[in-house]
Amino acid sequence: MASAEEIKQRIEASIPGAQADVEDTTGGGDHFRATVTATAFEGRTRIEQHRLVYDVFGAEIGGPIHALSLKTQSPAQTPPQ
Amino acid sequence: MQTEPTTVQTDPTDAQTQPTDMQTQPTAIQTDTQTEPGASQAQPTSAGDSNPIRDAIAEAIGEHKVILFMKGTPEAPACGFSARTVAALQALDAPFAAVDVLPDPRIRQELSAISNWPTIPQLFANGELIGGCDIVTEMFESGELAEALQ
């Protein structure tokens with residue numbers, strides 16, 4: 001079981017220039033939603049951006065972290081919505 | 001919606017000649033297809049292939065223009081993320097094949113090994129991974145999804 005803060009810190013520690021907002025969507029410590037902005041995302045497709053975040057957690061995704069819903073962008077991109 | 005499930009036999013030859021646990025747990029991935037019912041009968045070329053499930057998945061991705069690997073079926077999704085992805089495809093009236101990953105955990109395992117993508121659902125178009133629920137939803141809202149499915 002993880003906390004939103006722990007997820008946030010791990011993303012920010014692992015991805016260069018990342019800033020993450022993480023929410024525990026159920027309060028159960030296994031479903032999270034994260035919005036991640038990172039310079040490392042520049043020039044990468046959405047798929048590649050999401051893979052960078054998933055790679056932080058490896059096999060924990062689908063295991064203890066049941067779901068990690070992502071929205072990713074580079075600082076240069078206008079935030080959607 | 002009318003769908004006719006088709007069975008992709010992952011390695012029927014092996015199952016006949018070497019009765020193992022494969023007999024009690026048939027290795028078949030069920031494909032619900034709205035476009036080509038009955039079209040996908042996998043014909044493994046090598047009986048000695050050590051990874052028939054991975055081959056069947058790769059073949060299904062290659063055979064179907066748009067294919068969704070999901071939990072449950074389009075009619076009865078077993079997960080909210082799968083349900084949202086199906087809803088986006090249906091909102092575009094996009095024909096797609098669907099594979100339920102739940103009957104055999106190896107389907108999910110092998111799929112993720114092929115796609116380098118850890119979560120379900122996974123949407124493929126023209127043999128390429130489009131993304132999971134988040135990306136599909138984002139692309140649906142921006143209008144990019146319809147283009148990606150062409």
# chains A, B, ... in the order shown; residues from 1 in each chain; ligands from 1
>>> closest_atom_pairs(of="chain A", to="chain B", cutoff="12 Å", atoms="only C-alpha atoms", output="CSV")
residue,atom,partner,partner_atom,distance
A:His31,CA,B:Phe81,CA,11.7
A:Arg33,CA,B:Asp134,CA,10.1
A:Ala34,CA,B:Asp134,CA,10.8
A:Thr35,CA,B:Asp134,CA,11.1
A:Thr45,CA,B:Ile130,CA,10.4
A:Arg46,CA,B:Ile135,CA,7.1
A:Ile47,CA,B:Gly131,CA,6.2
A:Glu48,CA,B:Gly131,CA,9.9
A:Gln49,CA,B:Ile135,CA,10.6
A:His50,CA,B:Ile135,CA,8.8
A:Arg51,CA,B:Trp117,CA,7.0
A:Leu52,CA,B:Trp117,CA,10.6
A:Val53,CA,B:Pro118,CA,11.0
A:Tyr54,CA,B:Pro118,CA,7.4
A:Asp55,CA,B:Pro118,CA,9.0
A:Val56,CA,B:Pro118,CA,11.7
A:Phe57,CA,B:Pro118,CA,10.0
A:Gly58,CA,B:Pro118,CA,8.1
A:Ala59,CA,B:Pro118,CA,7.9
A:Glu60,CA,B:Pro118,CA,9.4
A:Ile61,CA,B:Pro118,CA,6.5
A:Gly62,CA,B:Thr119,CA,6.5
A:Gly63,CA,B:Pro118,CA,10.1
A:Ile65,CA,B:Thr119,CA,10.6
A:His66,CA,B:Thr119,CA,8.9
A:Ala67,CA,B:Thr119,CA,7.8
A:Leu68,CA,B:Thr119,CA,8.7
A:Ser69,CA,B:Asp134,CA,6.4
A:Leu70,CA,B:Asp134,CA,6.2
A:Lys71,CA,B:Asp134,CA,7.1
A:Thr72,CA,B:Ile135,CA,9.6
A:Gln73,CA,B:Ile135,CA,11.9
A:Pro80,CA,B:Glu138,CA,9.1
A:Gln81,CA,B:Ser142,CA,9.8
>>> write_last_selection(atoms="C-alpha atoms", output="CSV table (one decimal), in the first residue's frame")
chain,number,residue,atom,x,y,z
A,31,HIS,CA,-5.8,3.5,-7.2
A,33,ARG,CA,-4.4,9.5,-10.7
A,34,ALA,CA,-1.3,11.5,-11.5
A,35,THR,CA,-0.7,14.6,-13.6
A,45,THR,CA,4.9,10.7,-27.8
A,46,ARG,CA,2.2,10.2,-25.2
A,47,ILE,CA,2.9,6.5,-25.2
A,48,GLU,CA,6.6,7.2,-24.4
A,49,GLN,CA,5.7,9.7,-21.8
A,50,HIS,CA,3.4,7.3,-20.0
A,51,ARG,CA,6.0,4.5,-20.3
A,52,LEU,CA,8.6,6.7,-18.5
A,53,VAL,CA,6.2,7.1,-15.6
A,54,TYR,CA,5.1,3.4,-15.5
A,55,ASP,CA,8.8,2.5,-15.6
A,56,VAL,CA,9.3,4.2,-12.2
A,57,PHE,CA,7.1,1.5,-10.7
A,58,GLY,CA,7.8,-1.5,-12.8
A,59,ALA,CA,6.0,-4.6,-11.7
A,60,GLU,CA,4.2,-2.7,-8.9
A,61,ILE,CA,1.8,-1.5,-11.6
A,62,GLY,CA,-1.0,-4.1,-11.8
A,63,GLY,CA,0.3,-5.5,-8.4
A,65,ILE,CA,-0.6,-0.3,-7.4
A,66,HIS,CA,-3.8,-1.5,-9.1
A,67,ALA,CA,-4.3,1.5,-11.2
A,68,LEU,CA,-2.2,4.6,-12.1
A,69,SER,CA,-4.2,6.9,-14.3
A,70,LEU,CA,-1.9,9.4,-16.1
A,71,LYS,CA,-2.0,12.8,-17.7
A,72,THR,CA,1.5,13.8,-19.0
A,73,GLN,CA,2.8,17.0,-20.6
A,80,PRO,CA,-5.1,20.6,-21.8
A,81,GLN,CA,-8.6,21.9,-20.9
>>> residues_around(residues="Gly143 of chain B", least_positions_apart="4", cutoff="12 Å", atoms="only C-alpha atoms", output="ChimeraX atom specification")
/B:88-89,91-92,135-139,147-149
>>> write_last_selection(atoms="C-alpha atoms", output="CSV table (one decimal), in the first residue's frame")
chain,number,residue,atom,x,y,z
B,88,ALA,CA,-15.0,6.0,-26.7
B,89,LEU,CA,-14.8,3.5,-29.6
B,91,ALA,CA,-19.0,6.9,-29.7
B,92,LEU,CA,-17.0,7.0,-32.9
B,135,ILE,CA,-4.5,8.2,-23.8
B,136,VAL,CA,-7.6,6.9,-25.7
B,137,THR,CA,-9.8,9.2,-23.6
B,138,GLU,CA,-7.5,12.1,-24.2
B,139,MET,CA,-7.3,11.4,-27.9
B,147,GLU,CA,-7.8,9.8,-37.2
B,148,ALA,CA,-5.6,7.2,-35.4
B,149,LEU,CA,-8.2,4.5,-36.1
>>> select_by_dssp(residues="segment 76-146 of chain B", states="alpha helix (DSSP H)", output="NGL selection string")
:B and (80-91 or 105-115 or 133-142 or 144-146)
>>> atom_distance(atom1="atom CA of Thr73 of chain B", atom2="atom CA of Pro105 of chain B")
15.7 Å
>>> atom_distance(atom1="atom CA of Arg10 of chain A", atom2="atom CA of Ser82 of chain B")
26.8 Å
>>> closest_residue(among="A:Val22, A:Ile15, A:Gly27, A:Met1", to="Ser74 of chain A", atoms="only C-alpha atoms")
A:Ile15
>>> residues_around(residues="Val86 of chain B", least_positions_apart="5", cutoff="12 Å", atoms="only C-alpha atoms", output="PyMOL selection string")
chain B and resi 66-81+91-99+121-123+132-133+136-137+140
